[in-house]
Each structure stands twice: as structure tokens, then as C-alpha cells.
Amino acid sequence: MILDGKSPTGPVENTWDKHRFDMKLVNPANKRKYKILVIGTGLAGASAAASLGELGYNVETFCYQDSPRRAHSIASQGGINAAKNYPNDGDSIRRLFYDTVKGGDFRAREADVWRLAQVSNHIIDQCVAQGVPFARDYAGYLDNRSFGGAQVSRTFYARGQTGQQLLLGAYSALSRQIKLGTVKLFPRTEMLDLVLVNGEAKGITIRDLITGEVRNHVGDAVVLCTGGYANVYDLSTMARGASVNANWAAYKKGAYFANPCYTQIHPTCIPQSGDYQSKLTLMSESLRNDGRCWVPKKRGDNRAPGEIPEEDRDYYLERKYPSFGNLAPRDIASRAAKEQCDDGRGVGPGGRGVYLDFADAIERLGEDVIRERYGNLFEMYELITAENGYKVPMRIYPAPHYAMGGLWVDYNLMSNLPGLFVLGEANFSVHGANRLGASALMQGLADGYFVIPYTIANYLTQTTPGMLKEDAMECRASVDAVQDRIDKLLSVKGEKTVAEFHRELGSVMWNNAGMARSEESLTEALEKIPAIRAEFWENLRIPGSGSEINQQLENAGRVADFLEFAELFCKDALNRRESCGGHFRVEFQTAEGEAMRDDENFCYSAAWEYKGDRQEPEMHTEPLTFESVELAVRSYK
Amino acid sequence: MSGHSEHDTMTLKLIVWRQKGPSEPGRFETYLARGITDHHSFLEMLDVVNQDLIKEGREPIVFDHDCREGICGTCSQVINGLPHGGQTRTTVCQLHMRKFKDGDTIYIEPWKARAFPVLKDLMVDRGALDTIIQAGGYTSARTGSAPDGNSILISKEDADYAMDAAECIGCGACVAACPNGAAMLFTGAKVSQLAALPQGKVEAAERVNSMLGAMKECGFGNCTNHYECQAACPKGIDVKFIARLNREYLKALVF
């Protein structure tokens, strides 16, 4: 099937304005008749729930954490983009739009990206009004810095904790609505199923993580703001609780999963130090404003970094990409680091690391300036590695970080299932095959504050409120199915722990479907994953019961879904016989080792439809057309 | 992603608070953590212990955690009597085992405060902190109504001061460290952040009254100047924000 993203037609710069006028509105008195379920309280979820509650809808919101303020948006460090052009350096909505389309390697829908760029400026205004303490210059104006993939300074920031400050802003707006009674909060709950009525999303089934109760919540629309799936790799920069559960539940109820193979491997993370490790820690991309990446020119050069003279160092990003240098986009910087390490020139334990060196910047600006810009990041680096980044270069290595793929949505952010909306990282919409730095925060807040309030009204006007009741057959069936699976997980009573299975899956995914993929590696993964899954259901051990706090059971449910999702991921990667953005197929590269896109055959988004447990999923395509930007080879040289 | 450690391993004796539920009695139990290296984080050390417990058919220790990079504020353990283990500006998840040595005995307890009931083992209910924010920890800026970001000039000094206060991760260590179980540092940080900014000044009086009211209702105690909160805070939030809270309260009374 050929999918239609329902983008408005006409000149791209008019699309959002035209569409906003064309959409239907719900009158103020009618809004309270509708109930909206918002799952996830990160930037997308908190901003959506707060804005919808403020408009007068009845909102219920859910998070697995003990407080909405802890959603993983909080961990974003570097900044948020906007096309304000305050520095007068040539930025505009069109340039942010163009950079994002190009950064995504021409695999995103034009109109969606335009809208993102257009509303980006309002986000900054909104956050300032909430009291987000963005960095200011001495005259009191907002300050900017640069991020990868852009030649202008358009990134707004709050020290190295921009995600935290933006989330706390959205959380404060959400808290205000909770106090006003328009939003009801259900923390420590996990969505495990989606309930449909005549094919439309009208309810969810959740497990209360404290009491173990499995129950329904019903509404008139469901908004998934449930984040990405990078934990399919086990080790990633994600929070440990981040999962694909809600999205996978929606997929199994008929929502299409788009481009699952597009994952972002972030170039600057602290290298792994042992097999016991539970997470990889990101070092913000903003560090590459002042840090220079290098490796020794000679293989196996074991000298301390300070003893390696300039002429024996290879500043490989500056050499390969002179016009963007250390600010090359993430996919490119990650592959370049891997290339150096594969060539035997990596540093640190196991040779899986490159230097990120601040010596030049410290000499030029002084240590105080560097501390002011990145102090908390240097602190974090030292806590983890016991090394002082001001004195010796940091060691970094790429790590899984973000999912560009996600549930398929149309221009209204509605999936193919009417009533199911998907926002933020959970959808596939704007980042194409690679996300540029400081764009995730922008997207989450754009979707939540400025898109969903309009597009959901357009859907609601076409529905009758209260179609699903909690005692409906669909609800009971869903609760039974969720409870059955919990019972099944608990009844295996085997020998291996959830963590062991997750580690096994993660290792297959990292080695076979990580920064470089091939037909051979993906085919091998597709043999290994079902074997791990089969053993999981025969040999898993979870102590305790389902009617209490049981973290092993929670994790088992998450890993069970990753074990299914991983297969779809690899199928998508196998199907896409081209290299683009974060998806690098070794068979498709230029002589210089750059990604080689195949626009003739793959200029589309792949959206997968679930067909049943033992059936092959069916691939639908949404062709991508580029009218405002020229489909070009992406070069940062 | 393979790595290895050149370090010798440690064995540690853990004395851990175990409690089935909020109304069940709790007790200390003793476990051994084996094969621990300098590079293990404290939570990774507990992961190792939990893996062993599961293998032995026993129930693993329940503890809150999520981002494991010191920013989400979920982890919450009192280690050897000190919230987050007492290292400067360090959450439990960022505490590394290089701070301990082979053969050490480590006591691990949950946050202890009237306003934070224990849910299970080391996990507590900190919903009271959300209640305080809901009472007034915001500006009432409607979505879509904001003026241009640069139309509100804020001196760098004020912006930095607000940011210092805004760094709070809401973990509750300040409450756990306080002999009175007070949430004055938590509340003071939010009140100060917003009171320092022009956007937040309009509602300053109402905010401080509502937030202090909620604090009292939730069962938090009052400040008697022990400064334990500042010592325990993993983000280094300064007690000057408690002074600001009191000043804002006084201003609201006079006003």
C-alpha cells in the first residue's frame, strides 16, 4: 500500500498556516466533554497534557517514573534550536528547515520539517515566559552556541542541562493544570496495551507498578509520547526504564511502525569500561564547539596523549570535513570514530576510544571560560572516569542515543489508527535518517505545545465523546491479555535473569545492526534474535509475584518486547539497500567511505504492518517528494 | 563494545534495609558484593548483588533508579548514614566504587522522612514534592501567549542565580538529611528561581504562600539551620535559597 502523509499542498512556507485555518475547531464549551489520554511526561507529553488541559479538555496523563519531572528528556544536555537569528549570522526559518532536511539525509517529509522550523521560535518564547533560565549575555539578551550540522549559532541553552530546564518548565505548566483539576496524573503506571473500538484508539491498559493492578483507562483519543527504543541495544544513553512497550502494543494493534532501522549512534559518549556496565553516558555535542577530536597517526601508539606531538596526531574530523570540522553531524562523526578505531588507532582500553581535547581552547580562552561553558560535563566525566578533562583529553566513543524511526504518523501526528496520536521521539516524522543536535527538544515541545492542540481538535470534532466504557468487552479482553502475559512471564521459572537476556540481545544488535550493517550481519541477527527469544520464554527467572512492586517483572516485559521489535528493526535494515544517515550499509558506500543513498529506489519511508505472531509483517511505503529543497548528495566537506 | 578492567576486584559486606511494604516492619539483612571493581557505579554494584540473589532464588533488593547519569533525581539511598553517600555533588548513581575499599562494610537505607513513606526496601514515595510544585511552582504562562524571548531582558547575574536554584533535581536528599524532615531547600530553590526573574515576580507572593502551605500539609518539618540539606545536595544547592524563601514569605506577609 502507498501511504499518504496528508501534507497540505502549495508552497511549503504556507502549509502550516493554511492547514491551521482549514482544520475544524472544538468550541470551548464542548472541550470538557472529551477526555484525552496522554502517555509519557517528557517534553512532548508534559507540554501536550498541559496545553490540552489548559484548553479545557479532560486529560489523564501517565508515566512509569514516580514523578513526571523524571522523564528522560531531563538528560538532554546541550541545547534547543530555533531560527531566531538573534546573532545576525544568516539564520532563518528556511535555513533551519533546510539544515534539518539535509541533516536527516533527505528522508523526512518536507511540510512536517517546515512546521517544526516555523514554530521553533515560539518555543523559546514560551519557555522564557515559564521562567526557564536560558543562558544570557552581559546585556541581558539570550545567548546562543553552535551545534553539529549547522554553520549558524542557533542553539539556546541552560548550562549543560537544557533538557532538564525545558522539562521542568513543561512539568511546571503540567503541575499548574493538575492543581486546576484539568489534568489527572497517574505516576508509576506503565501502558501495556491499546484498546480500539471499531478500529479507533479509545483506551489503554496499564499496570500499576505499585499494586500490580492491571486496569483500563478510557477516553476519546490516545496520545503516545513514549520516547524512543535505543535500549534495544541494552547499553545506550537512555534511562534504564525507557522501552518500546507502548509503541509496540500500538503496533500489534495495527499502528504502522516506520523506519525502525534509523537509530542514532551519538559520537561523544564515555567509553564502556566493563561487562557489568548498565549504561553509557553522553558527553554533550556542544563540547565539540571547543574540543578537537584526534587519534594518534601511528597504530598502537601507546604514549600518553600529552607526549604525542602535533605532527603525530590525526585530527581526523578536521582533515576529512574541513568546512564543518569537529561539528560534523552525529552519524558522520560516529562513523569516523569507528573507522579510526577499526584501523587500530583507537585509544584507551581495548582501543575503542578517541580523544576529545580541550587543550587549545583552554590556551585560547582560559580554563575558567571552558568551566563556565561545560563545567557540569567535566564534573560528570571525572565522576565516571576519575580523569580530569581539563588536564588530559577526554576519551570518547559512540553509543546508541536516539531513535529517528517510530510509529508512522500523518501531518496531523495521527497514526493510521484514527484517534492514536504520536508525538516526539515516539513518532518518525521530522528527523529522517539522522537527527541533528539540539533538535530533539525542539521537536518534543513543538509537537506538544504547538501542533497537537490544533490537530487533535480536527479529529475530535468528527467523533462522539464517550464511545468506550470501562466495562466494554474490548476493555476486558485487553486486561485479560495483559494479565495472561504477566502470568506467563512469571510462570517460566527458568535459570537466567532478564538482564542476561537483555545483554545478549544488545550484543547482537550492536555487533550486527549498530554503526555498520550488512546483508550478512543482518541475516545473522535475524537467526540469532528468535533463538534468544525462544530461550527467554523457556528459561527466564523472575522472583516474586505480579501483585506487588516487582522490578524484574517490569524489565522482563520490556525485554520481551525488545526481543520482538529487534527482528522488525533488522528486517527494515535489510530491506533498505542503501546507506543514509544513521543507517550505514557497508555494501553501499563511496570510495571515501561515505554513505551512498539510492534515491531512485529508496526515497520513501517504510511503514510496517503487524500481521500476526507467526506472519511476516507487511511493508507499506510513503514516497518522499522534495519540492522546496533539491535532493542532493549530503556533503559536509 | 568490549572493555576490560585491569583492577583487582573487591568484596564488600552490605547491610541493607529490607521492607515488604509501607505497613510491614522492616529489618536489616546482610549480603556480600563480590567481584566489584573501581569502575562499578554503586548501582551497578547493587545490580551484581541482585543478579546473585535472583540466581539463588531470593528476592532482589528494590531500589529506585532511572537515568543513571545524575540528572533525573530518581535514585535515593542513604549510604553509611549519608544521603547519596556523602560525596560532593554526587548522586548514588554517579557514586563509584573506587570510593570504597576491599572488605568495607556498607549500610544502605531508604530516605527516612515522615513525608516519604517507604514503598518497598529502598524505594519511597516522594509524591509530596510534586504536591509542593503543584501548589505554585510555576508562572501562569498560557501556551501561545508569550512575548518574544528577548523582550524580557534579564541580567546575567539574575539568570545565573536563577539557574543555580533551578539545578535542583527533586531527589529529596535535602529532606532525608534534615533532622526535621524539612523540604525548605527544595521549596526555597523553586521560590527563589522564579522570584529572581521578572516573569516570576508577578505571582511571587501568592506562590510562596501556597507552596509553604502545601509543604506543611504534606508533613514536612521546618528549618532550624542545620545546613545538612546543603551538605547532602547532589547539585550543590545553596542554603541562601532558604534565606530567600523566608524573605519572600516575609515580603508576602507585609505586602
# chains A, B, ... in the order shown; residues from 1 in each chain; ligands from 1
$ residues_around --residues "Gly21 (chain B)" --least-positions-apart "3" --cutoff "6 Å" --atoms "only C-alpha atoms" --output "list in words"
Glu24, Leu119 and Lys120 of chain B
$ select_by_dssp --residues "region 6-102 of chain A" --states "strand (DSSP E)" --output "list of chain:residue names"
A:Lys35, A:Ile36, A:Leu37, A:Val38, A:Ile39, A:Asn58, A:Val59, A:Glu60, A:Thr61, A:Phe62, A:Ile80, A:Asn81
$ residues_around --residues "Leu46 (chain B)" --least-positions-apart "6" --cutoff "10 Å" --atoms "only C-alpha atoms" --output "NGL selection string"
:B and (14 or 33 or 36 or 40 or 52 or 60-63)
$ interface_residues --of "chain B" --to "chain A" --cutoff "6 Å" --atoms "only C-alpha atoms" --output "list in words"
Gly3, His4, Glu59, Asp66, Cys67, Cys72, Gln134, Tyr138, Thr139, Ala141, Ala146, Asp148, Gly149, Asn150, Leu153, Ile154, Ser155, Lys156, Ala159, Met163 and Gln199 of chain B
$ closest_residue --among "A:Gly444, A:Gly344, A:Gly419, A:Pro260" --to "Ile456 (chain A)" --atoms "only C-alpha atoms"
A:Gly419
$ residues_around --residues "Ala457 (chain A)" --least-positions-apart "2" --cutoff "8 Å" --atoms "only C-alpha atoms" --output "ChimeraX atom specification"
/A:23-26,453-455,459-461
$ residues_around --residues "region 234-245 of chain B" --least-positions-apart "2" --cutoff "8 Å" --atoms "only C-alpha atoms" --output "list in words"
His84, Thr88, Arg89, Thr90, Thr91, Asp164, Ala165, Glu167, Cys168, Ile169, Ala173, Met184, Leu185, Thr187, Gly188, Ala189, Val191, Ser192, Val208, Tyr227, Cys229, Gln230, Ala231, Ala232, Arg247, Glu248 and Tyr249 of chain B
$ write_last_selection --atoms "N, CA and C atoms" --output "short mmCIF file (atom, residue, chain, number, x, y, z; two decimals), in the first residue's frame"
data_model
loop_
_atom_site.label_atom_id
_atom_site.label_comp_id
_atom_site.auth_asym_id
_atom_site.auth_seq_id
_atom_site.Cartn_x
_atom_site.Cartn_y
_atom_site.Cartn_z
N HIS B 84 22.84 9.76 49.44
CA HIS B 84 23.68 9.66 48.25
C HIS B 84 25.14 9.30 48.59
N THR B 88 30.81 14.93 47.47
CA THR B 88 30.39 16.25 46.99
C THR B 88 29.70 16.15 45.64
N ARG B 89 28.56 16.80 45.51
CA ARG B 89 27.83 16.90 44.25
C ARG B 89 27.73 15.57 43.51
N THR B 90 27.29 14.54 44.21
CA THR B 90 27.24 13.21 43.60
C THR B 90 25.96 12.49 43.99
N THR B 91 25.21 12.00 42.99
CA THR B 91 24.05 11.16 43.28
C THR B 91 24.52 9.72 43.46
N ASP B 164 21.28 28.63 39.16
CA ASP B 164 21.84 27.93 40.33
C ASP B 164 20.72 27.27 41.13
N ALA B 165 19.61 27.97 41.27
CA ALA B 165 18.48 27.43 42.03
C ALA B 165 17.77 26.34 41.24
N GLU B 167 18.86 24.16 39.31
CA GLU B 167 19.58 22.90 39.11
C GLU B 167 19.03 21.76 39.95
N CYS B 168 18.17 22.07 40.93
CA CYS B 168 17.59 21.05 41.81
C CYS B 168 16.99 19.93 40.99
N ILE B 169 17.30 18.67 41.35
CA ILE B 169 16.76 17.52 40.62
C ILE B 169 15.60 16.86 41.36
N ALA B 173 17.04 14.40 48.76
CA ALA B 173 18.15 14.17 49.70
C ALA B 173 18.14 15.21 50.82
N MET B 184 12.68 22.62 52.98
CA MET B 184 12.89 24.05 52.79
C MET B 184 13.86 24.33 51.65
N LEU B 185 14.88 23.49 51.48
CA LEU B 185 15.84 23.75 50.41
C LEU B 185 15.17 23.53 49.05
N THR B 187 11.91 23.67 48.35
CA THR B 187 10.92 24.73 48.12
C THR B 187 11.59 26.07 47.89
N GLY B 188 12.63 26.33 48.69
CA GLY B 188 13.34 27.59 48.57
C GLY B 188 13.98 27.76 47.20
N ALA B 189 14.50 26.66 46.65
CA ALA B 189 15.15 26.74 45.34
C ALA B 189 14.14 27.16 44.28
N VAL B 191 11.13 28.68 44.72
CA VAL B 191 10.64 30.03 45.01
C VAL B 191 11.68 31.07 44.59
N SER B 192 12.94 30.81 44.89
CA SER B 192 14.00 31.78 44.57
C SER B 192 14.20 31.90 43.07
N VAL B 208 4.69 31.85 47.17
CA VAL B 208 5.39 31.45 48.38
C VAL B 208 4.40 31.00 49.45
N TYR B 227 21.84 23.04 58.13
CA TYR B 227 22.58 23.05 56.85
C TYR B 227 22.93 21.66 56.34
N CYS B 229 21.04 19.86 54.66
CA CYS B 229 20.47 19.76 53.32
C CYS B 229 21.49 20.15 52.26
N GLN B 230 22.17 21.25 52.51
CA GLN B 230 23.16 21.74 51.54
C GLN B 230 24.31 20.74 51.41
N ALA B 231 24.71 20.18 52.55
CA ALA B 231 25.81 19.21 52.52
C ALA B 231 25.42 17.97 51.71
N ALA B 232 24.14 17.59 51.79
CA ALA B 232 23.72 16.36 51.12
C ALA B 232 23.32 16.58 49.67
N ARG B 247 12.65 35.37 53.16
CA ARG B 247 12.50 36.79 52.81
C ARG B 247 11.24 36.98 51.94
N GLU B 248 11.06 36.08 50.99
CA GLU B 248 9.89 36.18 50.11
C GLU B 248 8.60 36.01 50.93
N TYR B 249 8.66 35.14 51.93
CA TYR B 249 7.49 34.89 52.78
C TYR B 249 7.16 36.15 53.58
#
$ select_by_dssp --residues "region 74-170 of chain B" --states "alpha helix (DSSP H)" --output "PyMOL selection string"
chain B and resi 127-136+156-166
$ residues_around --residues "Thr189 (chain A)" --least-positions-apart "4" --cutoff "9 Å" --atoms "only C-alpha atoms" --output "list in words"
Phe62, Cys63, Tyr64, Gln65, Asp66, Ile206, Arg207, Asp208, Leu209 and Ile210 of chain A
$ residues_around --residues "Val124 (chain B)" --least-positions-apart "5" --cutoff "10 Å" --atoms "only C-alpha atoms" --output "list in words"
Asp66 of chain A; Gly21, Pro22, Phe63, Asp64, Ser76, Gln77, Pro110, Trp111, Lys112, Ala113, Ala115, Phe116, Pro117, Val118 and Leu119 of chain B
$ atom_distance --atom1 "CA of Arg115 (chain A)" --atom2 "CA of His431 (chain A)"
12.7 Å
$ closest_residue --among "A:Gly506, A:Gly405, A:Gly56, A:Gly45" --to "Asn30 (chain A)" --atoms "only C-alpha atoms"
A:Gly56
$ atom_distance --atom1 "CA of Lys6 (chain A)" --atom2 "CA of Asp22 (chain A)"
12.9 Å
$ closest_residue --among "A:Val559, A:Ala433, A:Cys580, A:Ala440" --to "Arg109 (chain A)" --atoms "only C-alpha atoms"
A:Ala433
$ atom_distance --atom1 "CA of Asp487 (chain A)" --atom2 "CA of His65 (chain B)"
25.2 Å
$ closest_residue --among "A:Tyr355, A:Pro623, A:Leu468, A:Glu339" --to "Ile308 (chain A)" --atoms "only C-alpha atoms"
A:Tyr355
